[in-house]
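The structure file protein-v3.pdb is reproduced below (PDB, C-alpha atoms and all ligand atoms).
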```
MODEL        1
ATOM      1  CA  MET A   1       6.036 -15.580   9.625
ATOM      2  CA  PRO A   2       3.593 -16.479   8.297
ATOM      3  CA  TYR A   3       1.374 -15.212  11.096
ATOM      4  CA  ARG A   4      -1.440 -17.382  12.363
ATOM      5  CA  ALA A   5      -4.043 -16.468  14.924
ATOM      6  CA  ASP A   6      -6.061 -18.472  17.402
ATOM      7  CA  PRO A   7      -9.710 -18.745  16.309
ATOM      8  CA  ASP A   8     -10.784 -16.008  18.712
ATOM      9  CA  LEU A   9      -8.289 -13.419  17.405
ATOM     10  CA  ALA A  10      -8.916 -14.486  13.809
ATOM     11  CA  ASP A  11     -12.655 -13.953  14.300
ATOM     12  CA  PHE A  12     -12.089 -10.566  15.923
ATOM     13  CA  VAL A  13      -9.827  -9.320  13.116
ATOM     14  CA  GLN A  14     -12.195 -10.731  10.504
ATOM     15  CA  ARG A  15     -15.124  -8.779  11.945
ATOM     16  CA  LEU A  16     -13.297  -5.436  11.866
ATOM     17  CA  PRO A  17     -14.142  -3.403   8.777
ATOM     18  CA  LYS A  18     -10.706  -2.741   7.292
ATOM     19  CA  THR A  19      -8.916  -0.779   4.586
ATOM     20  CA  GLU A  20      -5.930  -1.294   2.283
ATOM     21  CA  THR A  21      -4.416   2.041   1.362
ATOM     22  CA  HIS A  22      -1.059   0.767   0.113
ATOM     23  CA  LEU A  23      -1.460  -2.059  -2.389
ATOM     24  CA  HIS A  24       0.432  -2.418  -5.653
ATOM     25  CA  LEU A  25      -1.601  -4.319  -8.235
ATOM     26  CA  GLU A  26       1.414  -5.822  -9.970
ATOM     27  CA  GLY A  27       2.947  -6.908  -6.663
ATOM     28  CA  ALA A  28      -0.325  -8.563  -5.722
ATOM     29  CA  CYS A  29      -0.408 -10.691  -8.874
ATOM     30  CA  PRO A  30      -2.244 -13.953  -8.101
ATOM     31  CA  PHE A  31       0.185 -16.868  -8.467
ATOM     32  CA  GLU A  32      -2.489 -19.060 -10.066
ATOM     33  CA  LEU A  33      -2.637 -16.673 -13.032
ATOM     34  CA  LEU A  34       1.118 -16.965 -13.539
ATOM     35  CA  GLN A  35       0.789 -20.737 -13.325
ATOM     36  CA  GLN A  36      -1.959 -20.751 -15.956
ATOM     37  CA  LEU A  37       0.308 -18.727 -18.199
ATOM     38  CA  ASP A  38       3.346 -20.981 -17.794
ATOM     39  CA  PRO A  39       2.712 -24.124 -15.746
ATOM     40  CA  VAL A  40       6.279 -25.366 -16.164
ATOM     41  CA  LYS A  41       8.111 -22.176 -15.168
ATOM     42  CA  TYR A  42       5.815 -21.601 -12.189
ATOM     43  CA  ALA A  43       5.396 -25.220 -11.073
ATOM     44  CA  ALA A  44       7.015 -24.684  -7.673
ATOM     45  CA  PRO A  45       5.946 -22.072  -5.109
ATOM     46  CA  PRO A  46       8.268 -19.059  -5.244
ATOM     47  CA  PRO A  47      11.271 -19.182  -2.895
ATOM     48  CA  PHE A  48      10.262 -15.892  -1.266
ATOM     49  CA  TRP A  49       7.220 -17.589   0.293
ATOM     50  CA  GLU A  50       9.475 -19.694   2.544
ATOM     51  CA  ASP A  51       9.304 -19.058   6.269
ATOM     52  CA  GLY A  52      11.824 -16.491   7.414
ATOM     53  CA  TYR A  53      12.698 -15.376   3.864
ATOM     54  CA  ARG A  54      14.219 -11.905   3.642
ATOM     55  CA  TYR A  55      15.253 -10.052   0.494
ATOM     56  CA  ARG A  56      18.916  -9.068   0.235
ATOM     57  CA  SER A  57      18.119  -5.709  -1.342
ATOM     58  CA  PHE A  58      15.473  -3.702  -3.161
ATOM     59  CA  ASN A  59      17.321  -4.487  -6.408
ATOM     60  CA  GLN A  60      16.893  -8.192  -5.792
ATOM     61  CA  PHE A  61      13.207  -7.588  -5.075
ATOM     62  CA  MET A  62      12.850  -5.709  -8.375
ATOM     63  CA  ASP A  63      14.723  -8.450 -10.276
ATOM     64  CA  LEU A  64      12.237 -10.979  -8.921
ATOM     65  CA  TYR A  65       9.391  -8.676  -9.885
ATOM     66  CA  VAL A  66      10.668  -8.720 -13.465
ATOM     67  CA  GLU A  67      11.205 -12.481 -13.359
ATOM     68  CA  TYR A  68       7.744 -13.278 -12.027
ATOM     69  CA  CYS A  69       5.216 -10.553 -12.768
ATOM     70  CA  ALA A  70       6.360  -8.061 -15.374
ATOM     71  CA  ALA A  71       5.415 -10.311 -18.300
ATOM     72  CA  PHE A  72       1.876 -10.770 -17.018
ATOM     73  CA  PHE A  73       0.591  -7.186 -17.133
ATOM     74  CA  THR A  74       0.343  -6.704 -20.880
ATOM     75  CA  SER A  75      -3.264  -5.574 -21.352
ATOM     76  CA  ALA A  76      -6.317  -4.078 -19.688
ATOM     77  CA  ASP A  77      -7.829  -7.586 -19.669
ATOM     78  CA  ARG A  78      -4.867  -8.954 -17.727
ATOM     79  CA  TYR A  79      -5.161  -6.144 -15.167
ATOM     80  CA  HIS A  80      -8.865  -6.931 -14.852
ATOM     81  CA  GLU A  81      -8.265 -10.651 -14.400
ATOM     82  CA  ALA A  82      -5.674 -10.065 -11.667
ATOM     83  CA  ALA A  83      -7.642  -7.303  -9.957
ATOM     84  CA  LYS A  84     -10.744  -9.489  -9.749
ATOM     85  CA  ILE A  85      -8.920 -12.093  -7.662
ATOM     86  CA  ILE A  86      -6.994  -9.481  -5.635
ATOM     87  CA  PHE A  87     -10.140  -7.546  -4.693
ATOM     88  CA  ALA A  88     -12.106 -10.722  -3.919
ATOM     89  CA  ARG A  89      -9.349 -11.606  -1.420
ATOM     90  CA  CYS A  90      -9.603  -8.146   0.123
ATOM     91  CA  VAL A  91     -13.358  -8.544   0.597
ATOM     92  CA  GLU A  92     -12.953 -12.055   2.036
ATOM     93  CA  GLN A  93     -10.858 -10.499   4.784
ATOM     94  CA  GLY A  94     -13.416  -7.849   5.654
ATOM     95  CA  CYS A  95     -11.725  -5.078   3.710
ATOM     96  CA  ARG A  96     -14.207  -2.411   2.620
ATOM     97  CA  TYR A  97     -11.971   0.233   1.039
ATOM     98  CA  VAL A  98      -8.909  -0.175  -1.191
ATOM     99  CA  GLU A  99      -6.459   2.295  -2.647
ATOM    100  CA  THR A 100      -4.435   0.459  -5.242
ATOM    101  CA  SER A 101      -1.797   1.619  -7.676
ATOM    102  CA  PHE A 102      -0.493   0.393 -11.009
ATOM    103  CA  HIS A 103       2.895   1.229 -12.497
ATOM    104  CA  LEU A 104       2.094   3.958 -15.054
ATOM    105  CA  PRO A 105       4.996   3.270 -17.502
ATOM    106  CA  THR A 106       3.655  -0.276 -17.991
ATOM    107  CA  LEU A 107       1.223   1.407 -20.397
ATOM    108  CA  LEU A 108       4.102   2.217 -22.722
ATOM    109  CA  PHE A 109       4.270  -1.465 -23.635
ATOM    110  CA  MET A 110       0.610  -2.202 -24.305
ATOM    111  CA  LYS A 111      -1.979  -1.210 -26.862
ATOM    112  CA  ASP A 112      -4.662  -0.356 -24.290
ATOM    113  CA  THR A 113      -4.830   3.194 -22.990
ATOM    114  CA  GLY A 114      -4.565   4.320 -19.372
ATOM    115  CA  PRO A 115      -8.290   5.048 -19.044
ATOM    116  CA  GLU A 116      -9.052   1.578 -20.482
ATOM    117  CA  VAL A 117      -6.784  -0.078 -17.933
ATOM    118  CA  ILE A 118      -8.261   1.953 -15.079
ATOM    119  CA  ARG A 119     -11.830   1.142 -16.148
ATOM    120  CA  ALA A 120     -10.882  -2.542 -16.379
ATOM    121  CA  VAL A 121      -9.472  -2.451 -12.840
ATOM    122  CA  ARG A 122     -12.503  -0.583 -11.540
ATOM    123  CA  ALA A 123     -14.855  -3.104 -13.154
ATOM    124  CA  ALA A 124     -13.108  -5.821 -11.118
ATOM    125  CA  ALA A 125     -14.226  -4.356  -7.769
ATOM    126  CA  PRO A 126     -16.991  -6.418  -6.201
ATOM    127  CA  ARG A 127     -20.078  -4.795  -4.742
ATOM    128  CA  GLY A 128     -19.373  -3.385  -1.311
ATOM    129  CA  LEU A 129     -15.741  -2.493  -2.013
ATOM    130  CA  GLU A 130     -14.875   1.174  -2.444
ATOM    131  CA  LEU A 131     -11.924   1.525  -4.773
ATOM    132  CA  ARG A 132      -9.515   4.363  -5.493
ATOM    133  CA  ILE A 133      -6.939   3.936  -8.248
ATOM    134  CA  PHE A 134      -3.511   5.567  -8.333
ATOM    135  CA  ALA A 135      -0.836   5.783 -11.016
ATOM    136  CA  GLY A 136       2.593   4.975  -9.618
ATOM    137  CA  MET A 137       5.803   6.268 -11.145
ATOM    138  CA  CYS A 138       9.519   6.294 -10.388
ATOM    139  CA  HIS A 139      11.753   9.301  -9.660
ATOM    140  CA  ASN A 140      13.282   9.079 -13.145
ATOM    141  CA  ASP A 141      10.218   8.310 -15.272
ATOM    142  CA  TYR A 142       9.638  11.873 -16.533
ATOM    143  CA  ARG A 143      11.446  11.559 -19.830
ATOM    144  CA  ASP A 144      10.611  10.703 -23.446
ATOM    145  CA  ALA A 145       7.278   8.896 -23.781
ATOM    146  CA  GLY A 146       7.094   8.527 -19.993
ATOM    147  CA  ARG A 147       6.922  12.273 -19.650
ATOM    148  CA  ASP A 148       3.922  12.478 -22.012
ATOM    149  CA  LEU A 149       2.190   9.712 -20.109
ATOM    150  CA  ILE A 150       2.663  11.475 -16.760
ATOM    151  CA  GLU A 151       1.287  14.693 -18.220
ATOM    152  CA  GLU A 152      -1.684  12.866 -19.758
ATOM    153  CA  CYS A 153      -2.624  10.920 -16.655
ATOM    154  CA  LEU A 154      -3.227  14.113 -14.687
ATOM    155  CA  ARG A 155      -6.239  14.703 -16.940
ATOM    156  CA  TRP A 156      -7.753  11.225 -16.853
ATOM    157  CA  PRO A 157     -11.048  11.555 -14.999
ATOM    158  CA  GLU A 158     -10.876   7.817 -14.218
ATOM    159  CA  LEU A 159      -7.724   8.284 -12.109
ATOM    160  CA  ASP A 160      -7.977   9.171  -8.417
ATOM    161  CA  GLY A 161      -4.383  10.056  -7.709
ATOM    162  CA  ILE A 162      -0.655   9.616  -8.214
ATOM    163  CA  ASP A 163       2.105   7.997  -6.170
ATOM    164  CA  LEU A 164       5.890   8.134  -6.362
ATOM    165  CA  HIS A 165       7.472   4.698  -5.930
ATOM    166  CA  GLY A 166      10.443   2.579  -6.974
ATOM    167  CA  TRP A 167      14.074   3.308  -6.070
ATOM    168  CA  GLU A 168      13.826   5.801  -3.241
ATOM    169  CA  ASP A 169      17.539   6.622  -3.348
ATOM    170  CA  LEU A 170      17.370   8.091  -6.867
ATOM    171  CA  PRO A 171      17.451  11.892  -6.830
ATOM    172  CA  LEU A 172      14.112  13.622  -6.329
ATOM    173  CA  GLU A 173      14.022  15.411  -9.684
ATOM    174  CA  SER A 174      12.578  18.908 -10.017
ATOM    175  CA  TRP A 175       9.627  17.806 -12.223
ATOM    176  CA  THR A 176       8.034  16.093  -9.251
ATOM    177  CA  ASP A 177       7.442  19.381  -7.377
ATOM    178  CA  ASP A 178       5.505  20.777 -10.307
ATOM    179  CA  VAL A 179       3.632  17.597 -11.257
ATOM    180  CA  TRP A 180       2.547  16.948  -7.656
ATOM    181  CA  ALA A 181       1.257  20.509  -7.284
ATOM    182  CA  ARG A 182      -0.577  20.401 -10.608
ATOM    183  CA  ALA A 183      -2.053  16.978  -9.854
ATOM    184  CA  ARG A 184      -3.647  18.367  -6.676
ATOM    185  CA  ALA A 185      -4.897  21.428  -8.537
ATOM    186  CA  LEU A 186      -6.583  19.028 -10.987
ATOM    187  CA  GLY A 187      -8.297  17.171  -8.159
ATOM    188  CA  LYS A 188      -5.957  14.202  -7.846
ATOM    189  CA  PHE A 189      -4.845  12.926  -4.462
ATOM    190  CA  THR A 190      -1.070  12.710  -4.087
ATOM    191  CA  LYS A 191       1.123  10.280  -2.171
ATOM    192  CA  VAL A 192       4.832   9.476  -2.046
ATOM    193  CA  HIS A 193       6.881   6.461  -0.991
ATOM    194  CA  ALA A 194       9.482   7.721   1.486
ATOM    195  CA  GLY A 195      11.193   6.694   4.698
ATOM    196  CA  GLU A 196      11.569   3.060   3.656
ATOM    197  CA  PHE A 197      15.051   2.910   2.127
ATOM    198  CA  MET A 198      15.964   6.505   2.892
ATOM    199  CA  GLY A 199      15.948   8.081   6.323
ATOM    200  CA  ALA A 200      13.876  10.752   8.037
ATOM    201  CA  ASP A 201      15.719  13.449   6.026
ATOM    202  CA  PHE A 202      14.034  12.205   2.879
ATOM    203  CA  VAL A 203      10.637  12.261   4.574
ATOM    204  CA  ASP A 204      11.300  15.900   5.462
ATOM    205  CA  LEU A 205      12.387  16.591   1.903
ATOM    206  CA  VAL A 206       9.199  15.230   0.323
ATOM    207  CA  LEU A 207       7.078  17.078   2.876
ATOM    208  CA  ASP A 208       8.923  20.297   1.995
ATOM    209  CA  ARG A 209       8.771  19.849  -1.740
ATOM    210  CA  LEU A 210       5.841  17.623  -2.654
ATOM    211  CA  LYS A 211       3.545  18.773   0.158
ATOM    212  CA  VAL A 212       1.807  15.441   0.611
ATOM    213  CA  THR A 213      -0.353  14.483   3.571
ATOM    214  CA  ARG A 214       0.073  10.736   3.120
ATOM    215  CA  ILE A 215       3.363   8.893   2.982
ATOM    216  CA  GLU A 216       3.710   5.295   1.883
ATOM    217  CA  HIS A 217       5.826   3.517   4.546
ATOM    218  CA  GLY A 218       7.507   6.485   6.240
ATOM    219  CA  VAL A 219       8.717   4.122   8.953
ATOM    220  CA  ARG A 220      12.203   5.609   9.158
ATOM    221  CA  SER A 221      10.615   8.885  10.309
ATOM    222  CA  ALA A 222      10.940   7.220  13.698
ATOM    223  CA  GLU A 223      14.704   7.866  13.546
ATOM    224  CA  SER A 224      14.089  11.590  14.048
ATOM    225  CA  PRO A 225      11.974  13.031  16.881
ATOM    226  CA  ALA A 226      11.755  16.277  14.873
ATOM    227  CA  THR A 227      10.289  14.444  11.864
ATOM    228  CA  VAL A 228       7.796  12.609  14.071
ATOM    229  CA  ALA A 229       6.786  15.940  15.604
ATOM    230  CA  ARG A 230       6.329  17.326  12.131
ATOM    231  CA  LEU A 231       4.108  14.400  11.044
ATOM    232  CA  LEU A 232       1.925  15.156  14.051
ATOM    233  CA  ARG A 233       1.901  18.902  13.516
ATOM    234  CA  GLN A 234       1.068  18.621   9.798
ATOM    235  CA  ASN A 235      -1.321  15.713  10.336
ATOM    236  CA  VAL A 236       0.542  13.480   7.893
ATOM    237  CA  ALA A 237      -0.512   9.825   7.865
ATOM    238  CA  LEU A 238       1.749   6.855   7.152
ATOM    239  CA  ASP A 239       0.494   3.859   5.147
ATOM    240  CA  ILE A 240       2.712   1.222   6.736
ATOM    241  CA  CYS A 241       3.305  -2.362   5.608
ATOM    242  CA  PRO A 242       4.997  -4.091   8.571
ATOM    243  CA  ILE A 243       5.556  -7.552   7.034
ATOM    244  CA  SER A 244       6.934  -5.973   3.849
ATOM    245  CA  ASN A 245       9.366  -3.885   5.909
ATOM    246  CA  VAL A 246      10.687  -6.946   7.741
ATOM    247  CA  LYS A 247      10.996  -9.050   4.572
ATOM    248  CA  LEU A 248      12.727  -6.240   2.697
ATOM    249  CA  ALA A 249      15.133  -5.827   5.623
ATOM    250  CA  VAL A 250      14.451  -2.115   6.046
ATOM    251  CA  ARG A 251      17.234  -0.528   8.097
ATOM    252  CA  GLY A 252      16.572  -0.665  11.811
ATOM    253  CA  ILE A 253      13.955  -3.418  11.481
ATOM    254  CA  PRO A 254      15.748  -6.724  12.062
ATOM    255  CA  SER A 255      12.505  -8.341  13.236
ATOM    256  CA  MET A 256       8.817  -7.567  13.669
ATOM    257  CA  LYS A 257       9.395  -7.059  17.405
ATOM    258  CA  THR A 258      11.548  -4.032  16.587
ATOM    259  CA  HIS A 259       9.187  -2.479  14.028
ATOM    260  CA  PRO A 260       8.843   1.280  14.677
ATOM    261  CA  ILE A 261       5.077   1.243  14.083
ATOM    262  CA  ARG A 262       4.750   0.681  17.831
ATOM    263  CA  ARG A 263       6.654   3.899  18.600
ATOM    264  CA  LEU A 264       4.957   5.887  15.849
ATOM    265  CA  PHE A 265       1.499   4.780  16.995
ATOM    266  CA  ASP A 266       2.352   5.542  20.634
ATOM    267  CA  ALA A 267       3.553   9.009  19.605
ATOM    268  CA  GLY A 268       0.126   9.635  18.093
ATOM    269  CA  VAL A 269       1.014   9.424  14.406
ATOM    270  CA  THR A 270      -1.876   8.288  12.202
ATOM    271  CA  VAL A 271      -0.695   4.916  10.932
ATOM    272  CA  THR A 272      -2.559   2.438   8.735
ATOM    273  CA  ILE A 273      -1.507  -1.147   8.013
ATOM    274  CA  ASN A 274      -1.404  -2.676   4.583
ATOM    275  CA  SER A 275      -0.019  -5.598   2.609
ATOM    276  CA  ASP A 276       1.983  -3.677  -0.074
ATOM    277  CA  ASP A 277       2.924  -6.514  -2.485
ATOM    278  CA  PRO A 278       1.252  -9.651  -1.119
ATOM    279  CA  PHE A 279       2.575 -11.884  -3.912
ATOM    280  CA  PHE A 280       6.146 -11.040  -2.950
ATOM    281  CA  PHE A 281       5.692 -11.114   0.811
ATOM    282  CA  GLY A 282       3.284 -14.058   0.989
ATOM    283  CA  ASN A 283       1.219 -12.007   3.423
ATOM    284  CA  SER A 284      -2.389 -11.027   3.880
ATOM    285  CA  LEU A 285      -4.024  -7.986   5.432
ATOM    286  CA  SER A 286      -5.289 -10.058   8.364
ATOM    287  CA  GLU A 287      -1.752 -11.264   9.077
ATOM    288  CA  GLU A 288      -0.616  -7.663   9.440
ATOM    289  CA  TYR A 289      -3.111  -7.329  12.318
ATOM    290  CA  TYR A 290      -1.978 -10.642  13.848
ATOM    291  CA  ALA A 291       1.658  -9.487  13.657
ATOM    292  CA  LEU A 292       0.882  -6.241  15.479
ATOM    293  CA  HIS A 293      -0.970  -8.112  18.208
ATOM    294  CA  GLN A 294       1.446 -11.003  18.610
ATOM    295  CA  GLU A 295       4.819  -9.313  18.175
ATOM    296  CA  LEU A 296       4.255  -5.686  19.037
ATOM    297  CA  GLY A 297       1.721  -5.987  21.835
ATOM    298  CA  PHE A 298      -1.093  -4.092  20.135
ATOM    299  CA  SER A 299      -4.195  -4.702  22.251
ATOM    300  CA  ARG A 300      -7.556  -5.330  20.634
ATOM    301  CA  THR A 301      -8.509  -1.726  21.356
ATOM    302  CA  GLU A 302      -5.380  -0.610  19.534
ATOM    303  CA  LEU A 303      -6.174  -2.863  16.569
ATOM    304  CA  VAL A 304      -9.598  -1.191  16.336
ATOM    305  CA  ARG A 305      -7.852   2.195  16.376
ATOM    306  CA  VAL A 306      -5.493   1.136  13.596
ATOM    307  CA  ALA A 307      -8.464  -0.065  11.513
ATOM    308  CA  ALA A 308     -10.222   3.250  12.224
ATOM    309  CA  ASN A 309      -7.168   5.173  10.977
ATOM    310  CA  GLY A 310      -7.674   3.513   7.588
ATOM    311  CA  PHE A 311     -11.136   5.037   7.332
ATOM    312  CA  ARG A 312      -9.936   8.376   8.720
ATOM    313  CA  VAL A 313      -7.492   8.756   5.825
ATOM    314  CA  ALA A 314      -9.774   7.167   3.193
ATOM    315  CA  LEU A 315     -10.997   9.307   0.312
ATOM    316  CA  LEU A 316     -14.643   8.845   1.243
ATOM    317  CA  PRO A 317     -17.636  11.131   1.711
ATOM    318  CA  GLU A 318     -17.978  12.074   5.390
ATOM    319  CA  HIS A 319     -21.216  10.141   5.972
ATOM    320  CA  VAL A 320     -19.662   6.928   4.586
ATOM    321  CA  ARG A 321     -16.532   7.411   6.691
ATOM    322  CA  ARG A 322     -18.755   7.997   9.742
ATOM    323  CA  ALA A 323     -20.726   4.792   9.084
ATOM    324  CA  HIS A 324     -17.530   2.693   9.032
ATOM    325  CA  LEU A 325     -16.176   4.376  12.164
ATOM    326  CA  ASP A 326     -19.520   3.833  13.919
ATOM    327  CA  GLU A 327     -19.410   0.174  12.997
ATOM    328  CA  LEU A 328     -15.911  -0.101  14.498
ATOM    329  CA  ALA A 329     -17.107   1.689  17.629
ATOM    330  CA  GLY A 330     -19.987  -0.804  17.853
ATOM    331  CA  ILE A 331     -17.592  -3.762  17.654
ATOM    332  CA  ALA A 332     -15.374  -2.188  20.324
ATOM    333  CA  ALA A 333     -18.406  -1.641  22.573
ATOM    334  CA  SER A 334     -19.594  -5.229  22.123
ATOM    335  CA  GLU A 335     -16.155  -6.407  23.294
ATOM    336  CA  ALA A 336     -16.145  -3.902  26.175
ATOM    337  CA  LEU A 337     -13.133  -2.136  24.649
ATOM    338  CA  SER A 338     -12.588   1.537  25.374
ATOM    339  CA  PHE A 339     -12.360   2.706  21.771
TER
HETATM  340 ZN    ZN B 401       4.684   0.379  -1.826
ENDMDL
END
```
Take the structure from the file and write it as structure tokens.
Ligand SMILES: [Zn+2]
Amino acid sequence: MPYRADPDLADFVQRLPKTETHLHLEGACPFELLQQLDPVKYAAPPPFWEDGYRYRSFNQFMDLYVEYCAAFFTSADRYHEAAKIIFARCVEQGCRYVETSFHLPTLLFMKDTGPEVIRAVRAAAPRGLELRIFAGMCHNDYRDAGRDLIEECLRWPELDGIDLHGWEDLPLESWTDDVWARARALGKFTKVHAGEFMGADFVDLVLDRLKVTRIEHGVRSAESPATVARLLRQNVALDICPISNVKLAVRGIPSMKTHPIRRLFDAGVTVTINSDDPFFFGNSLSEEYYALHQELGFSRTELVRVAANGFRVALLPEHVRRAHLDELAGIAASEALSF
């Protein structure tokens, strides 16, 4: 890390229409905005951008999030400013569809409302980028004012869905079962972070209780053949972030070469690749493709299939999905790949 490609591979990856279906807005905060805010504090590049950097724990990661980014997201305008740069970077890399989330309880500390923040983020999407916006929340956020906010957000027409994130090892409280079911009944798409810091058992638990069809990460499903079989049987897709998993030292992933995405893909699980928190991992979407090719032996055909998975899971009208998949098939054909 960081991953670099020869010009031929870089051109190939660039030409693939791509998706980001696991991208946290706050964790993608552009460093230049932090520097504008406080040039002295942010004079030096952050230590976590150094080659070979790995976080000691999720707690350390969250402490750094507070140190670097938490103070930035104080208004709808700030979300807009950040999102504009983040989405422009997505488009530069040939990304056509983004699902991004913001941390819902952040709203408790600002005067702007949720719908105002969501509209500000949506207004930052350049032409040609399809955007879906999710509200992220932690296992223990359903209390006091946080509880009201979670209830309210289910009725915001501006919001596309909800996601459970944060400390995965906190208990899965009983409110989540009900809120996830009601969210779907109200037309929201539901996701859950699982199988990153907890094992395959937790993936099974959220499938049992929250009945999602998309799991953020889910990489530790690979520890259990029964869980992998279940993902296949229930057609559950995993939004995987390989570089994030290596940098956060997820159990069983000492290096990219050992990342279970290879096994999950080979088993037939629908996997997508994503950058997660690019500010904290110093990564880009393109680098995720380079990493798969260079360290995990994904052929160009397989990279096209991974890109196609992003559109297969995307919340798009069928004819738009078809157009993206046809474009990928055209690129594969022009390279004589058997897509
Ligand atoms: Zn995430």
Write out as a PDB file with C-alpha atoms, keeping the file's coordinate frame which residues come within 12 Å of Ala43 in chain A when counting only C-alpha atoms, dropping same-chain ones fewer than 5 positions away.
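What follows is the written file result-v8.pdb:
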```pdb
ATOM      1  CA  PHE A  31       0.185 -16.868  -8.467  1.00  0.00           C
ATOM      2  CA  GLU A  32      -2.489 -19.060 -10.066  1.00  0.00           C
ATOM      3  CA  LEU A  33      -2.637 -16.673 -13.032  1.00  0.00           C
ATOM      4  CA  LEU A  34       1.118 -16.965 -13.539  1.00  0.00           C
ATOM      5  CA  GLN A  35       0.789 -20.737 -13.325  1.00  0.00           C
ATOM      6  CA  GLN A  36      -1.959 -20.751 -15.956  1.00  0.00           C
ATOM      7  CA  LEU A  37       0.308 -18.727 -18.199  1.00  0.00           C
ATOM      8  CA  ASP A  38       3.346 -20.981 -17.794  1.00  0.00           C
TER       9      ASP A  38
END
```
Surrounding residues of Ser299 in chain A excluding itself and chain neighbours under 5 positions, 12 Å, all atoms listed in the file, as a list in words
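What passes the distance filter is Leu9, Phe12, Val13, Arg262, Tyr289, Tyr290, Ala291, Leu292, His293, Gln294, Val304, Arg305, Val306, Ala332, Leu337, Ser338 and Phe339 of chain A.
CA of Asp277 in chain A to CA of Cys69 in chain A spans 11.3 Å [interatomic distance, one decimal].
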Shell around Asp148 in chain A at 12 Å using only C-alpha atoms, local window under 5 positions removed, as a ChimeraX atom specification
/A:104-105,107-108,141-143,153-155,179
Quick one: residues within 7 Å of range 168-173 of chain A, all atoms listed in the file, excluding same-chain residues fewer than 4 positions away - as a CSV table (one decimal) with C-alpha atoms, in the frame of the given file?
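Once written, result.csv looks like this:
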```
chain,number,residue,atom,x,y,z
A,139,HIS,CA,11.8,9.3,-9.7
A,194,ALA,CA,9.5,7.7,1.5
A,197,PHE,CA,15.1,2.9,2.1
A,198,MET,CA,16.0,6.5,2.9
```
Please evaluate the PyMOL selection byres (((chain A and resi 75-81) around 10) and not hetatm) against the displayed coordinates and give the resulting residues as JSON, numbers by chain.
{"A": [25, 26, 29, 30, 33, 72, 73, 74, 82, 83, 84, 85, 86, 102, 106, 107, 109, 110, 111, 112, 113, 114, 115, 116, 117, 118, 119, 120, 121, 122, 123, 124, 125]}
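Run against this file, the PyMOL selection byres (((not hetatm)) within 9 of (chain B and resi 401)) gives back His22, Leu23, His24, Gly27, Ser101, His165, Gly166, His193, Glu216, His217, Asp239, Ile240, Cys241, Ser244, Ser275, Asp276 and Asp277 of chain A.
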Selection export as a PDB file, in the frame of the given file, atoms kept: C-alpha atoms:
```
ATOM      1  CA  HIS A  22      -1.059   0.767   0.113  1.00  0.00           C
ATOM      2  CA  LEU A  23      -1.460  -2.059  -2.389  1.00  0.00           C
ATOM      3  CA  HIS A  24       0.432  -2.418  -5.653  1.00  0.00           C
ATOM      4  CA  GLY A  27       2.947  -6.908  -6.663  1.00  0.00           C
ATOM      5  CA  SER A 101      -1.797   1.619  -7.676  1.00  0.00           C
ATOM      6  CA  HIS A 165       7.472   4.698  -5.930  1.00  0.00           C
ATOM      7  CA  GLY A 166      10.443   2.579  -6.974  1.00  0.00           C
ATOM      8  CA  HIS A 193       6.881   6.461  -0.991  1.00  0.00           C
ATOM      9  CA  GLU A 216       3.710   5.295   1.883  1.00  0.00           C
ATOM     10  CA  HIS A 217       5.826   3.517   4.546  1.00  0.00           C
ATOM     11  CA  ASP A 239       0.494   3.859   5.147  1.00  0.00           C
ATOM     12  CA  ILE A 240       2.712   1.222   6.736  1.00  0.00           C
ATOM     13  CA  CYS A 241       3.305  -2.362   5.608  1.00  0.00           C
ATOM     14  CA  SER A 244       6.934  -5.973   3.849  1.00  0.00           C
ATOM     15  CA  SER A 275      -0.019  -5.598   2.609  1.00  0.00           C
ATOM     16  CA  ASP A 276       1.983  -3.677  -0.074  1.00  0.00           C
ATOM     17  CA  ASP A 277       2.924  -6.514  -2.485  1.00  0.00           C
TER      18      ASP A 277
END
```
How many Å separate CA of Trp175 in chain A from CA of Ser57 in chain A?
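Computing the Euclidean distance for CA of Trp175 in chain A and CA of Ser57 in chain A yields 27.3 Å.
Distances from A:Pro126, A:Gly187, A:Gly199, A:Pro278 to Leu315 in chain A were compared using all atoms listed in the file, and the smallest one belongs to A:Gly187.
Proximity of A:Leu207, A:Ile150, A:Leu248, A:Ile133 to Phe48 in chain A, computed with only C-alpha atoms, is greatest for A:Leu248.
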Spatial neighbours of range 88-91 of chain A, max dist 10 Å, all atoms listed in the file, sep filter under 6 positions, as a PyMOL selection string
chain A and resi 17-20+97-98+124-129+284-286
Since I can't run it myself right now, could you work out what the PyMOL selection byres (((chain A and resi 236) around 6) and not hetatm) selects here and report it as a PyMOL selection string?
chain A and resi 213-214+231+234-235+237
